file model-v6.txt (compact mmCIF, C-alpha atoms and all ligand atoms)
# COMPACT_ATOMS: atom_id res chain seq x y z
CA MET A 1 -137.95 -50.65 27.52
CA SER A 2 -136.65 -51.06 23.99
CA VAL A 3 -134.78 -47.72 24.31
CA GLY A 4 -133.13 -49.07 27.50
CA VAL A 5 -132.15 -52.31 25.83
CA GLY A 6 -130.88 -50.39 22.82
CA LEU A 7 -128.72 -48.14 25.02
CA THR A 8 -127.26 -51.11 26.92
CA VAL A 9 -126.40 -52.87 23.66
CA LEU A 10 -124.87 -49.67 22.36
CA ARG A 11 -122.80 -49.19 25.52
CA GLN A 12 -121.57 -52.77 25.49
CA GLY A 13 -120.85 -52.42 21.80
CA LEU A 14 -118.79 -49.30 22.49
CA VAL A 15 -116.85 -50.98 25.31
CA PHE A 16 -116.24 -54.03 23.15
CA GLY A 17 -115.31 -51.86 20.18
CA SER A 18 -112.86 -49.72 22.15
CA THR A 19 -111.24 -52.80 23.72
CA ALA A 20 -110.89 -54.40 20.31
CA LEU A 21 -109.51 -51.15 18.88
CA ARG A 22 -107.04 -50.82 21.75
CA ARG A 23 -105.94 -54.42 21.24
CA ARG A 24 -105.42 -53.93 17.54
CA MET A 25 -104.09 -50.37 17.48
CA LEU A 26 -102.14 -49.97 20.70
CA VAL A 27 -99.09 -51.80 21.97
CA SER A 28 -97.69 -51.22 25.44
CA LEU A 29 -94.36 -51.97 27.01
CA GLU A 30 -93.29 -51.61 30.60
CA VAL A 31 -89.67 -51.10 31.63
CA ASN A 32 -88.65 -50.75 35.27
CA ASN A 33 -85.49 -49.27 36.71
CA LYS A 34 -84.10 -52.66 37.65
CA ASP A 35 -83.57 -53.27 33.98
CA ARG A 36 -80.60 -51.82 32.13
CA ALA A 37 -82.89 -50.76 29.29
CA TYR A 38 -84.42 -48.18 31.64
CA GLU A 39 -81.33 -45.92 31.72
CA TRP A 40 -80.69 -46.51 28.05
CA PHE A 41 -84.20 -45.43 27.18
CA LEU A 42 -84.10 -42.21 29.25
CA THR A 43 -80.76 -41.30 27.71
CA TRP A 44 -82.13 -42.04 24.27
CA MET A 45 -85.06 -39.70 24.94
CA ALA A 46 -82.74 -36.96 26.16
CA HIS A 47 -80.71 -37.44 22.98
CA GLN A 48 -83.85 -37.20 20.82
CA ALA A 49 -84.83 -33.97 22.52
CA ASN A 50 -81.36 -32.55 21.94
CA THR A 51 -81.33 -33.33 18.24
CA ALA A 52 -84.96 -32.20 17.89
CA SER A 53 -84.20 -28.81 19.44
CA LYS A 54 -81.13 -28.41 17.22
CA THR A 55 -83.10 -29.14 14.06
CA ARG A 56 -86.05 -27.10 15.39
CA ARG A 57 -88.38 -30.09 15.03
CA THR A 58 -91.67 -29.48 16.72
CA ASN A 59 -92.49 -32.83 18.26
CA SER A 60 -89.86 -32.62 20.95
CA TRP A 61 -91.08 -33.90 24.31
CA LEU A 62 -88.98 -31.07 25.80
CA ARG A 63 -92.07 -28.88 25.47
CA SER A 64 -93.52 -31.04 28.18
CA HIS A 65 -93.61 -29.44 31.61
CA GLU A 66 -92.29 -32.35 33.66
CA LEU A 67 -88.55 -32.55 33.35
CA SER A 68 -85.88 -34.08 35.58
CA VAL A 69 -82.24 -33.26 35.64
CA GLU A 70 -79.36 -35.72 35.89
CA THR A 71 -76.07 -34.10 36.82
CA SER A 72 -72.74 -35.71 36.11
CA VAL A 73 -69.11 -34.69 36.36
CA GLU A 74 -66.93 -35.27 33.32
CA GLN A 75 -63.19 -35.50 33.58
CA ARG A 76 -61.34 -34.03 30.61
CA SER A 77 -58.09 -35.47 29.31
CA ASN A 78 -56.13 -32.54 30.81
CA GLY A 79 -57.44 -33.45 34.26
CA SER A 80 -59.92 -30.58 34.60
CA THR A 81 -63.56 -31.37 35.19
CA SER A 82 -66.83 -29.98 33.99
CA VAL A 83 -70.32 -30.46 35.35
CA LEU A 84 -72.90 -31.58 32.80
CA PHE A 85 -76.68 -31.43 33.07
CA LYS A 86 -78.87 -33.83 31.16
CA LEU A 87 -82.57 -33.04 30.95
CA VAL A 88 -84.63 -36.19 31.01
CA ALA A 89 -88.35 -36.76 31.00
CA GLY A 90 -89.58 -36.49 34.59
CA PRO A 91 -92.42 -38.43 36.20
CA GLY A 92 -95.61 -37.78 34.22
CA ILE A 93 -96.89 -38.27 30.72
CA HIS A 94 -94.91 -37.34 27.63
CA TRP A 95 -95.60 -37.71 23.93
CA PHE A 96 -93.18 -38.22 21.13
CA LYS A 97 -93.09 -39.63 17.63
CA TYR A 98 -90.98 -42.63 16.64
CA GLN A 99 -90.80 -43.86 13.05
CA GLY A 100 -94.02 -42.04 12.22
CA ALA A 101 -95.99 -43.49 15.15
CA TRP A 102 -97.13 -41.47 18.14
CA MET A 103 -96.00 -42.83 21.45
CA GLN A 104 -97.04 -42.07 24.95
CA MET A 105 -94.42 -42.38 27.65
CA LYS A 106 -95.59 -42.54 31.24
CA ARG A 107 -92.93 -42.35 33.89
CA GLU A 108 -94.05 -43.29 37.38
CA ARG A 109 -92.18 -43.26 40.66
CA GLU A 110 -93.19 -45.38 43.62
CA THR A 111 -92.63 -43.09 46.59
CA ARG A 112 -93.89 -45.37 49.35
CA SER A 113 -91.47 -48.22 48.91
CA MET A 114 -87.80 -48.20 48.05
CA GLN A 115 -85.53 -50.85 46.63
CA LEU A 116 -84.52 -52.73 49.71
CA MET A 117 -80.76 -52.62 49.37
CA SER A 118 -79.99 -49.53 47.37
CA GLY A 119 -82.66 -47.22 48.83
CA VAL A 120 -83.54 -46.00 45.33
CA PRO A 121 -87.29 -45.59 44.63
CA TRP A 122 -88.87 -48.00 42.19
CA GLU A 123 -89.65 -46.46 38.86
CA THR A 124 -91.41 -47.65 35.75
CA VAL A 125 -91.78 -46.31 32.29
CA THR A 126 -94.78 -47.48 30.30
CA LEU A 127 -94.63 -46.89 26.59
CA THR A 128 -97.77 -47.07 24.53
CA ALA A 129 -97.51 -46.87 20.78
CA LEU A 130 -100.40 -45.88 18.60
CA SER A 131 -99.50 -48.43 16.02
CA ARG A 132 -100.09 -52.04 15.11
CA ASP A 133 -96.40 -52.56 14.49
CA ARG A 134 -95.08 -54.73 17.30
CA THR A 135 -91.52 -54.46 16.11
CA LEU A 136 -91.37 -50.77 17.03
CA PHE A 137 -90.31 -51.40 20.64
CA PRO A 138 -87.49 -53.82 19.90
CA LYS A 139 -86.22 -51.36 17.29
CA LEU A 140 -86.42 -48.45 19.71
CA LEU A 141 -84.69 -50.35 22.51
CA ALA A 142 -81.96 -51.55 20.15
CA GLU A 143 -81.39 -47.94 19.10
CA ALA A 144 -81.20 -46.87 22.76
CA ARG A 145 -78.76 -49.69 23.53
CA ASP A 146 -76.55 -48.84 20.54
CA LEU A 147 -76.49 -45.20 21.59
CA ALA A 148 -75.40 -46.18 25.10
CA MET A 149 -72.73 -48.53 23.71
CA ARG A 150 -71.44 -45.85 21.31
CA ASP A 151 -71.11 -43.51 24.26
CA GLN A 152 -68.99 -46.08 26.07
CA GLU A 153 -66.87 -47.14 23.13
CA GLY A 154 -63.19 -46.76 23.83
CA LYS A 155 -64.00 -45.96 27.46
CA LEU A 156 -63.58 -47.76 30.72
CA ILE A 157 -66.54 -48.08 33.06
CA ILE A 158 -65.97 -48.24 36.79
CA ARG A 159 -68.71 -49.61 39.00
CA THR A 160 -69.03 -49.63 42.75
CA ALA A 161 -71.32 -51.58 45.04
CA TRP A 162 -74.60 -49.97 46.03
CA GLY A 163 -76.25 -52.28 48.49
CA ILE A 164 -76.39 -55.52 46.56
CA GLU A 165 -76.16 -53.91 43.17
CA TRP A 166 -73.34 -52.64 41.02
CA LYS A 167 -73.77 -49.04 39.92
CA GLN A 168 -71.69 -47.04 37.47
CA PHE A 169 -69.32 -44.66 39.23
CA GLY A 170 -68.88 -41.38 37.35
CA LEU A 171 -68.81 -41.12 33.60
CA PRO A 172 -66.99 -43.66 31.43
CA ARG A 173 -63.25 -42.84 31.46
CA ARG A 174 -60.82 -42.72 28.60
CA LYS A 175 -58.91 -45.97 28.37
CA ARG A 176 -55.28 -45.88 29.35
CA PRO A 177 -52.92 -47.55 26.88
CA LEU A 178 -51.38 -50.65 28.39
CA SER A 179 -47.94 -49.56 27.19
CA SER A 180 -48.15 -46.41 29.35
CA VAL A 181 -47.79 -48.56 32.47
CA VAL A 182 -44.16 -49.59 32.61
CA PHE A 183 -43.45 -52.78 34.53
CA ALA A 184 -40.24 -54.74 34.96
CA GLU A 185 -39.58 -56.94 31.97
CA GLY A 186 -41.98 -59.81 31.47
CA ILE A 187 -44.36 -58.98 34.34
CA ALA A 188 -47.11 -57.26 32.36
CA GLN A 189 -46.83 -59.84 29.58
CA LYS A 190 -47.13 -62.67 32.10
CA VAL A 191 -50.45 -61.38 33.48
CA GLU A 192 -51.76 -60.44 30.05
CA HIS A 193 -50.87 -63.81 28.62
CA ASP A 194 -52.43 -65.64 31.56
CA ILE A 195 -55.73 -63.81 31.37
CA LYS A 196 -55.98 -64.18 27.60
CA ALA A 197 -55.33 -67.91 27.91
CA PHE A 198 -57.99 -68.12 30.63
CA LEU A 199 -60.55 -66.30 28.50
CA GLN A 200 -60.07 -68.81 25.71
CA ARG A 201 -60.60 -71.85 27.92
CA ARG A 202 -64.23 -71.54 28.98
CA GLN A 203 -65.13 -74.85 27.39
CA TRP A 204 -62.11 -76.57 28.89
CA TYR A 205 -63.27 -75.55 32.39
CA ALA A 206 -66.86 -76.55 31.64
CA ASP A 207 -65.81 -80.00 30.38
CA ARG A 208 -63.96 -80.69 33.62
CA GLY A 209 -66.59 -79.15 35.89
CA ILE A 210 -64.12 -76.60 37.24
CA PRO A 211 -65.60 -73.23 38.21
CA TYR A 212 -64.67 -70.76 35.53
CA ARG A 213 -62.83 -68.19 37.58
CA ARG A 214 -59.38 -66.78 38.04
CA GLY A 215 -57.84 -64.74 40.82
CA TYR A 216 -54.86 -62.42 40.56
CA LEU A 217 -52.86 -60.78 43.31
CA LEU A 218 -50.61 -57.84 42.51
CA HIS A 219 -48.43 -56.97 45.44
CA GLY A 220 -45.68 -54.44 45.95
CA PRO A 221 -44.88 -51.01 47.35
CA PRO A 222 -47.26 -48.07 46.92
CA GLY A 223 -47.18 -46.21 43.60
CA SER A 224 -45.74 -49.03 41.54
CA GLY A 225 -48.64 -49.05 39.09
CA LYS A 226 -50.79 -51.97 40.29
CA THR A 227 -54.13 -50.18 39.98
CA SER A 228 -53.11 -48.37 36.79
CA PHE A 229 -52.13 -51.66 35.20
CA ILE A 230 -55.39 -53.41 36.13
CA GLN A 231 -57.37 -50.52 34.67
CA ALA A 232 -55.29 -50.46 31.49
CA LEU A 233 -55.61 -54.23 31.13
CA ALA A 234 -59.39 -54.06 31.57
CA GLY A 235 -59.53 -51.34 28.93
CA SER A 236 -57.42 -53.31 26.48
CA LEU A 237 -59.72 -56.34 26.82
CA SER A 238 -62.86 -54.15 26.74
CA TYR A 239 -63.76 -55.18 30.27
CA ASP A 240 -65.27 -52.98 32.99
CA ILE A 241 -64.08 -52.73 36.57
CA CYS A 242 -66.19 -53.34 39.66
CA VAL A 243 -64.42 -51.90 42.69
CA LEU A 244 -65.23 -53.65 45.93
CA ASN A 245 -64.44 -52.01 49.24
CA LEU A 246 -64.50 -54.64 51.95
CA SER A 247 -64.49 -52.06 54.72
CA GLU A 248 -67.66 -50.44 53.51
CA ARG A 249 -70.27 -49.92 56.18
CA GLY A 250 -73.26 -52.15 55.89
CA LEU A 251 -71.49 -54.79 53.84
CA THR A 252 -72.25 -58.23 55.20
CA ASP A 253 -71.19 -61.73 54.20
CA ASP A 254 -74.48 -62.27 52.39
CA LYS A 255 -74.28 -59.04 50.45
CA LEU A 256 -70.68 -59.70 49.54
CA ASN A 257 -71.57 -63.15 48.29
CA HIS A 258 -74.40 -61.75 46.24
CA LEU A 259 -72.21 -59.01 44.77
CA LEU A 260 -69.46 -61.37 43.75
CA SER A 261 -71.90 -63.82 42.23
CA ASN A 262 -73.68 -61.09 40.32
CA ALA A 263 -70.90 -58.97 38.91
CA PRO A 264 -71.86 -57.72 35.45
CA GLU A 265 -70.52 -59.74 32.57
CA ARG A 266 -67.18 -58.71 31.09
CA SER A 267 -65.89 -57.12 34.24
CA PHE A 268 -63.00 -57.50 36.66
CA VAL A 269 -63.75 -57.33 40.36
CA LEU A 270 -61.04 -55.21 41.96
CA ILE A 271 -60.37 -55.50 45.69
CA GLU A 272 -57.65 -53.08 46.75
CA ASP A 273 -55.52 -53.33 49.88
CA VAL A 274 -56.85 -56.73 50.95
CA ASP A 275 -54.33 -56.79 53.80
CA ALA A 276 -55.96 -53.74 55.37
CA ALA A 277 -59.35 -55.36 55.16
CA PHE A 278 -58.41 -58.53 57.00
CA ASN A 279 -55.53 -57.80 59.24
CA LYS A 280 -55.52 -60.54 61.84
CA ARG A 281 -58.78 -61.78 60.37
CA VAL A 282 -60.87 -59.03 61.94
CA GLN A 283 -61.81 -56.10 59.84
CA THR A 284 -61.40 -52.74 61.53
CA SER A 285 -61.36 -49.35 59.84
CA GLU A 286 -59.32 -46.38 61.08
CA ASP A 287 -62.15 -44.99 63.16
CA GLY A 288 -62.60 -48.31 64.92
CA TYR A 289 -65.61 -49.42 62.92
CA GLN A 290 -65.73 -53.19 62.59
CA SER A 291 -67.21 -54.39 59.38
CA SER A 292 -69.60 -57.27 59.46
CA VAL A 293 -67.75 -59.11 56.69
CA THR A 294 -65.95 -62.02 58.29
CA PHE A 295 -62.79 -63.57 56.94
CA SER A 296 -64.48 -66.93 56.41
CA GLY A 297 -67.41 -65.16 54.76
CA PHE A 298 -64.97 -63.48 52.40
CA LEU A 299 -63.30 -66.80 51.54
CA ASN A 300 -66.69 -68.39 50.91
CA ALA A 301 -67.71 -65.50 48.68
CA LEU A 302 -64.46 -65.87 46.71
CA ASP A 303 -65.14 -69.57 46.21
CA GLY A 304 -68.78 -68.95 45.36
CA VAL A 305 -71.11 -71.66 44.25
CA ALA A 306 -69.82 -73.75 41.40
CA SER A 307 -71.17 -72.08 38.33
CA GLY A 308 -70.32 -71.65 34.69
CA GLU A 309 -70.23 -67.90 35.16
CA GLU A 310 -66.93 -66.27 34.41
CA ARG A 311 -65.36 -64.46 37.33
CA ILE A 312 -62.08 -62.57 37.34
CA ILE A 313 -60.87 -61.08 40.59
CA PHE A 314 -57.90 -58.79 41.03
CA MET A 315 -56.58 -58.07 44.50
CA THR A 316 -53.82 -55.66 45.42
CA THR A 317 -51.77 -55.22 48.55
CA ASN A 318 -48.68 -53.42 49.78
CA HIS A 319 -48.04 -56.14 52.39
CA VAL A 320 -48.27 -59.63 50.97
CA GLU A 321 -46.60 -61.03 54.11
CA ARG A 322 -49.64 -60.01 56.15
CA LEU A 323 -52.05 -62.05 54.07
CA ASP A 324 -53.47 -65.24 55.43
CA PRO A 325 -52.21 -68.28 53.46
CA ALA A 326 -55.83 -69.41 53.08
CA LEU A 327 -56.52 -66.32 51.00
CA ILE A 328 -53.68 -66.77 48.56
CA ARG A 329 -53.96 -70.46 47.96
CA PRO A 330 -54.46 -71.54 44.31
CA GLY A 331 -58.09 -71.36 43.34
CA ARG A 332 -58.44 -68.07 45.15
CA VAL A 333 -55.24 -66.50 43.88
CA ASP A 334 -53.97 -68.25 40.77
CA LEU A 335 -51.31 -65.78 39.78
CA ASN A 336 -49.31 -63.85 42.31
CA VAL A 337 -46.99 -61.15 40.97
CA LEU A 338 -44.65 -58.70 42.57
CA VAL A 339 -44.85 -55.18 41.17
CA ASP A 340 -41.83 -53.46 42.59
CA ASP A 341 -40.34 -49.98 42.77
CA ALA A 342 -38.64 -48.63 39.65
CA SER A 343 -35.84 -50.72 38.19
CA PRO A 344 -33.18 -48.82 36.18
CA ALA A 345 -34.77 -50.01 32.93
CA GLN A 346 -38.28 -48.96 34.03
CA ALA A 347 -37.05 -45.50 35.05
CA LYS A 348 -35.35 -45.10 31.69
CA THR A 349 -38.43 -46.22 29.73
CA LEU A 350 -40.74 -43.92 31.66
CA PHE A 351 -38.34 -41.02 31.07
CA THR A 352 -38.23 -41.71 27.34
CA GLN A 353 -42.01 -42.08 27.17
CA PHE A 354 -42.41 -38.73 28.86
CA TYR A 355 -39.86 -36.71 26.93
CA GLY A 356 -39.09 -38.68 23.79
CA GLY A 357 -40.99 -38.65 20.51
CA GLU A 358 -41.23 -36.06 17.80
CA GLU A 359 -44.13 -34.22 19.40
CA ASN A 360 -41.93 -33.26 22.35
CA THR A 361 -39.66 -30.83 20.51
CA THR A 362 -39.72 -28.41 23.47
CA ASN A 363 -37.85 -30.98 25.52
CA GLY A 364 -34.64 -30.74 23.55
CA THR A 365 -33.29 -33.03 20.90
CA GLU A 366 -33.92 -36.73 20.77
CA ASP A 367 -30.23 -37.34 21.37
CA GLU A 368 -30.21 -35.30 24.54
CA VAL A 369 -33.26 -37.17 25.88
CA THR A 370 -31.53 -40.49 25.16
CA ARG A 371 -28.34 -39.32 26.91
CA LEU A 372 -30.26 -38.11 29.99
CA ALA A 373 -32.33 -41.31 30.08
CA GLU A 374 -29.08 -43.28 30.13
CA GLN A 375 -27.81 -41.17 33.03
CA LEU A 376 -31.03 -41.82 34.93
CA HIS A 377 -30.56 -45.54 34.33
CA THR A 378 -27.07 -45.38 35.82
CA LEU A 379 -28.26 -43.30 38.77
CA VAL A 380 -31.12 -45.66 39.69
CA GLU A 381 -28.84 -48.67 39.27
CA ARG A 382 -26.16 -47.24 41.55
CA GLU A 383 -28.67 -46.22 44.22
CA MET A 384 -30.34 -49.62 44.06
CA GLN A 385 -27.04 -51.31 44.84
CA ASP A 386 -26.95 -49.24 48.03
CA GLY A 387 -30.49 -50.28 48.86
CA ARG A 388 -32.26 -47.05 47.88
CA ARG A 389 -35.33 -47.26 45.66
CA ILE A 390 -37.74 -44.84 44.06
CA SER A 391 -41.34 -45.52 43.13
CA MET A 392 -42.68 -45.11 39.62
CA ALA A 393 -45.30 -42.72 40.98
CA ALA A 394 -42.54 -40.52 42.45
CA LEU A 395 -40.71 -40.51 39.11
CA GLN A 396 -43.92 -39.60 37.31
CA GLY A 397 -44.39 -36.73 39.79
CA LEU A 398 -40.92 -35.38 38.96
CA PHE A 399 -41.35 -35.76 35.21
CA ILE A 400 -44.71 -34.03 35.13
CA ARG A 401 -43.41 -30.77 36.52
CA SER A 402 -39.94 -30.46 35.00
CA ASN A 403 -38.03 -30.56 31.74
CA PRO A 404 -35.59 -33.47 31.16
CA PRO A 405 -32.41 -31.99 32.75
CA GLU A 406 -34.40 -30.67 35.73
CA ALA A 407 -36.10 -34.05 36.15
CA LEU A 408 -32.75 -35.80 36.32
CA LYS A 409 -31.45 -33.24 38.80
CA SER A 410 -34.54 -33.58 41.03
CA CYS A 411 -34.09 -37.32 40.93
CA GLN A 412 -30.47 -37.00 42.12
CA GLU A 413 -31.62 -34.69 44.93
CA LEU A 414 -34.33 -37.10 45.93
CA PHE A 415 -31.80 -39.89 46.34
CA ILE A 416 -29.46 -37.59 48.30
CA ASN A 417 -32.34 -36.83 50.68
CA LYS A 418 -32.94 -40.56 51.10
CA ARG A 419 -29.35 -40.98 52.32
CA THR A 420 -29.85 -38.62 55.24
N1 LIG A 501 -45.24 -48.74 36.51
C1 LIG A 501 -45.78 -47.55 36.22
N2 LIG A 501 -45.80 -47.08 34.97
C2 LIG A 501 -46.35 -45.88 34.69
N3 LIG A 501 -46.91 -45.09 35.62
C3 LIG A 501 -46.96 -45.51 36.88
C4 LIG A 501 -46.37 -46.75 37.24
N4 LIG A 501 -46.52 -46.91 38.58
C5 LIG A 501 -47.17 -45.84 39.03
N5 LIG A 501 -47.44 -44.99 38.03
C6 LIG A 501 -48.17 -43.73 38.14
O1 LIG A 501 -48.29 -43.42 39.53
C7 LIG A 501 -49.62 -43.15 39.93
C8 LIG A 501 -50.06 -44.12 41.02
O2 LIG A 501 -50.09 -45.43 40.50
P1 LIG A 501 -51.06 -46.57 41.01
O3 LIG A 501 -52.18 -46.00 41.83
O4 LIG A 501 -51.42 -47.43 39.86
O5 LIG A 501 -50.08 -47.36 41.99
P2 LIG A 501 -50.43 -48.55 42.98
O6 LIG A 501 -49.30 -49.50 42.89
O7 LIG A 501 -51.78 -49.08 42.71
O8 LIG A 501 -50.40 -47.81 44.38
P3 LIG A 501 -51.05 -48.28 45.78
O9 LIG A 501 -50.41 -49.55 46.18
O10 LIG A 501 -50.71 -47.15 46.69
O11 LIG A 501 -52.52 -48.41 45.52
C9 LIG A 501 -50.46 -43.22 38.66
O12 LIG A 501 -50.77 -41.92 38.25
C10 LIG A 501 -49.59 -43.91 37.63
O13 LIG A 501 -49.74 -43.28 36.38
call {"tool": "encode", "arguments": {"input": "model-v6.txt", "output": "structure tokens"}}
result
Amino acid sequence: MSVGVGLTVLRQGLVFGSTALRRRMLVSLEVNNKDRAYEWFLTWMAHQANTASKTRRTNSWLRSHELSVETSVEQRSNGSTSVLFKLVAGPGIHWFKYQGAWMQMKRERETRSMQLMSGVPWETVTLTALSRDRTLFPKLLAEARDLAMRDQEGKLIIRTAWGIEWKQFGLPRRKRPLSSVVFAEGIAQKVEHDIKAFLQRRQWYADRGIPYRRGYLLHGPPGSGKTSFIQALAGSLSYDICVLNLSERGLTDDKLNHLLSNAPERSFVLIEDVDAAFNKRVQTSEDGYQSSVTFSGFLNALDGVASGEERIIFMTTNHVERLDPALIRPGRVDLNVLVDDASPAQAKTLFTQFYGGEENTTNGTEDEVTRLAEQLHTLVEREMQDGRRISMAALQGLFIRSNPPEALKSCQELFINKRT
């Protein structure tokens, strides 16, 4: 009997001891894929493995047998693309060392249930550190976040709607300089000035109980630079862009409302071709599909519930006259600007930006470029008086494939063709 009692005491002692040891020596942290830290952490791990294999360190988790691949397409500055593979820790258990402490990483995927709206399986990563230092996790996560931010520095992130969530679309893109989008005099400055003033007045809005949001409508013919300008402006203010397609299948009033109310911070919501979405208040796509977003639902979503959250919406259209007055009333659209076809001055500036500058020695002398730019100015001016216009996108197309004299000649031919 005493042996039995002794064994029971011993067993309980062991259980108690191991629990106490686990409490004192192990710290655990759970991160699920709803949290932004989840992606950051996996990327951080992939980065660790990369540097470990380069320096031939032995504790790389890459020796583990459960790997996953994440494929992405990167666009280079010359327009070509390359496909990149990133090896990340797959579902299973992995070990690695961080600041001298061993860590266990357990990645689990829930295969039976999916996230309701996006259809992505739930995933969790549980990190267990063999250490009493509770500051290890915050340090690790901060490192992962900084790595992700460094990766995005100087880049523009585009997001699209995935169910009720915003997901990054492609890799971060190089920012486009604002000066590379040439607008008629004063237009770009007007929008830029307005948005900067808005961003400085958060408190002013809060004090008066006015919802802190601003809506912009850029309208004008195709290829005048509306989208390019919005992207360049976002880049210059270090904002991201969330592109919303109102004709998307499965988008309902509720989802739209949720998306607009939950756009990530520091981002513009961009809704292109709003006229196409709500022509005659019913939304129909080319193949006859009728979206379940209603016009009144859209207006409600634009108004949103009164909240202190900042919201900046940009809309574009080629046909402002088709828009319902309810959509463009102040409060929904606060600044309405026309972005037109090329004016003589815009054509000249674009020409000089393309061919001018010391680096463009192959394009003839600076003087010749100036003389040709002046001739282009005169040409566009004369044609404009006769009611013929050319878009900035068309000019860009001509400039990309020719040298300065050829570009001017092609431009003359283009106008001649417009006469017939
Ligand atoms: N004002 C401009 N300055 C410089 N480049 C321009 C300008 N307008 C158009 N472009 C060039 O033309 C192409 C198309 O421009 P963009 O898509 O921004 O036009 P858009 O007005 O948004 O057209 P759409 O109304 O058809 O959507 C881009 O590659 C852009 O570089």
call {"tool": "residues_near_ligand", "arguments": {"input": "model-v6.txt", "ligand": "ligand LIG 501 (chain A)", "cutoff": "8 Å", "atoms": "only C-alpha atoms and all ligand atoms", "output": "ChimeraX atom specification"}}
result
/A:180-184,219-229,272-273,316-318,339,342,346,350,391-394,396-397
call {"tool": "residues_around", "arguments": {"input": "model-v6.txt", "residues": "segment 244-246 of chain A", "least_positions_apart": "5", "cutoff": "9 Å", "atoms": "only C-alpha atoms", "output": "ChimeraX atom specification"}}
result
/A:159-161,251,256,259,269-272,274,277-278,283,291,293,298
call {"tool": "closest_residue", "arguments": {"input": "model-v6.txt", "among": "A:Arg332, A:His377, A:Lys196, A:Lys175", "to": "Ile313 of chain A", "atoms": "only C-alpha atoms"}}
result
A:Arg332
call {"tool": "atom_distance", "arguments": {"input": "model-v6.txt", "atom1": "atom CA of Leu42 of chain A", "atom2": "atom CA of Arg145 of chain A"}}
result
10.8 Å
call {"tool": "residues_around", "arguments": {"input": "model-v6.txt", "residues": "Leu199 of chain A", "least_positions_apart": "3", "cutoff": "12 Å", "atoms": "only C-alpha atoms", "output": "ChimeraX atom specification"}}
result
/A:192-196,202-205,212-214,237,239,266,309-312
call {"tool": "write_last_selection", "arguments": {"input": "model-v6.txt", "atoms": "C-alpha atoms", "output": "mmCIF file, keeping the file's coordinate frame"}}
result
data_model
loop_
_atom_site.group_PDB
_atom_site.id
_atom_site.type_symbol
_atom_site.label_atom_id
_atom_site.label_comp_id
_atom_site.auth_asym_id
_atom_site.auth_seq_id
_atom_site.Cartn_x
_atom_site.Cartn_y
_atom_site.Cartn_z
ATOM 1 C CA GLU A 192 -51.760 -60.440 30.050
ATOM 2 C CA HIS A 193 -50.870 -63.810 28.620
ATOM 3 C CA ASP A 194 -52.430 -65.640 31.560
ATOM 4 C CA ILE A 195 -55.730 -63.810 31.370
ATOM 5 C CA LYS A 196 -55.980 -64.180 27.600
ATOM 6 C CA ARG A 202 -64.230 -71.540 28.980
ATOM 7 C CA GLN A 203 -65.130 -74.850 27.390
ATOM 8 C CA TRP A 204 -62.110 -76.570 28.890
ATOM 9 C CA TYR A 205 -63.270 -75.550 32.390
ATOM 10 C CA TYR A 212 -64.670 -70.760 35.530
ATOM 11 C CA ARG A 213 -62.830 -68.190 37.580
ATOM 12 C CA ARG A 214 -59.380 -66.780 38.040
ATOM 13 C CA LEU A 237 -59.720 -56.340 26.820
ATOM 14 C CA TYR A 239 -63.760 -55.180 30.270
ATOM 15 C CA ARG A 266 -67.180 -58.710 31.090
ATOM 16 C CA GLU A 309 -70.230 -67.900 35.160
ATOM 17 C CA GLU A 310 -66.930 -66.270 34.410
ATOM 18 C CA ARG A 311 -65.360 -64.460 37.330
ATOM 19 C CA ILE A 312 -62.080 -62.570 37.340
#
call {"tool": "atom_distance", "arguments": {"input": "model-v6.txt", "atom1": "atom CA of Asp146 of chain A", "atom2": "atom CA of Tyr98 of chain A"}}
result
16.2 Å
call {"tool": "atom_distance", "arguments": {"input": "model-v6.txt", "atom1": "atom CA of Val88 of chain A", "atom2": "atom CA of Ile241 of chain A"}}
result
27.0 Å
call {"tool": "closest_residue", "arguments": {"input": "model-v6.txt", "among": "A:Lys167, A:Asp367, A:Phe354, A:Glu108", "to": "Leu398 of chain A", "atoms": "all atoms listed in the file"}}
result
A:Phe354
call {"tool": "closest_residue", "arguments": {"input": "model-v6.txt", "among": "A:Leu233, A:Pro325, A:Phe96, A:Arg109", "to": "Trp122 of chain A", "atoms": "only C-alpha atoms"}}
result
A:Arg109
call {"tool": "closest_residue", "arguments": {"input": "model-v6.txt", "among": "A:Lys97, A:Lys34, A:Arg134, A:Lys348", "to": "Ala407 of chain A", "atoms": "all atoms listed in the file"}}
result
A:Lys348
call {"tool": "decode", "arguments": {"input": "model-v6.txt", "residues": "segment 197-210 of chain A", "atoms": "C-alpha atoms", "output": "mmCIF file, in the first residue's frame"}}
result
data_model
loop_
_atom_site.group_PDB
_atom_site.id
_atom_site.type_symbol
_atom_site.label_atom_id
_atom_site.label_comp_id
_atom_site.auth_asym_id
_atom_site.auth_seq_id
_atom_site.Cartn_x
_atom_site.Cartn_y
_atom_site.Cartn_z
ATOM 1 C CA ALA A 197 -5.498 70.261 -46.439
ATOM 2 C CA PHE A 198 -8.021 67.510 -45.669
ATOM 3 C CA LEU A 199 -5.381 65.302 -44.073
ATOM 4 C CA GLN A 200 -4.401 68.099 -41.724
ATOM 5 C CA ARG A 201 -7.938 68.759 -40.514
ATOM 6 C CA ARG A 202 -8.842 65.564 -38.682
ATOM 7 C CA GLN A 203 -9.373 67.426 -35.424
ATOM 8 C CA TRP A 204 -11.416 70.123 -37.124
ATOM 9 C CA TYR A 205 -13.833 67.469 -38.438
ATOM 10 C CA ALA A 206 -13.941 65.704 -35.063
ATOM 11 C CA ASP A 207 -14.734 68.949 -33.207
ATOM 12 C CA ARG A 208 -17.714 69.589 -35.461
ATOM 13 C CA GLY A 209 -18.908 65.980 -35.546
ATOM 14 C CA ILE A 210 -18.504 65.807 -39.317
#
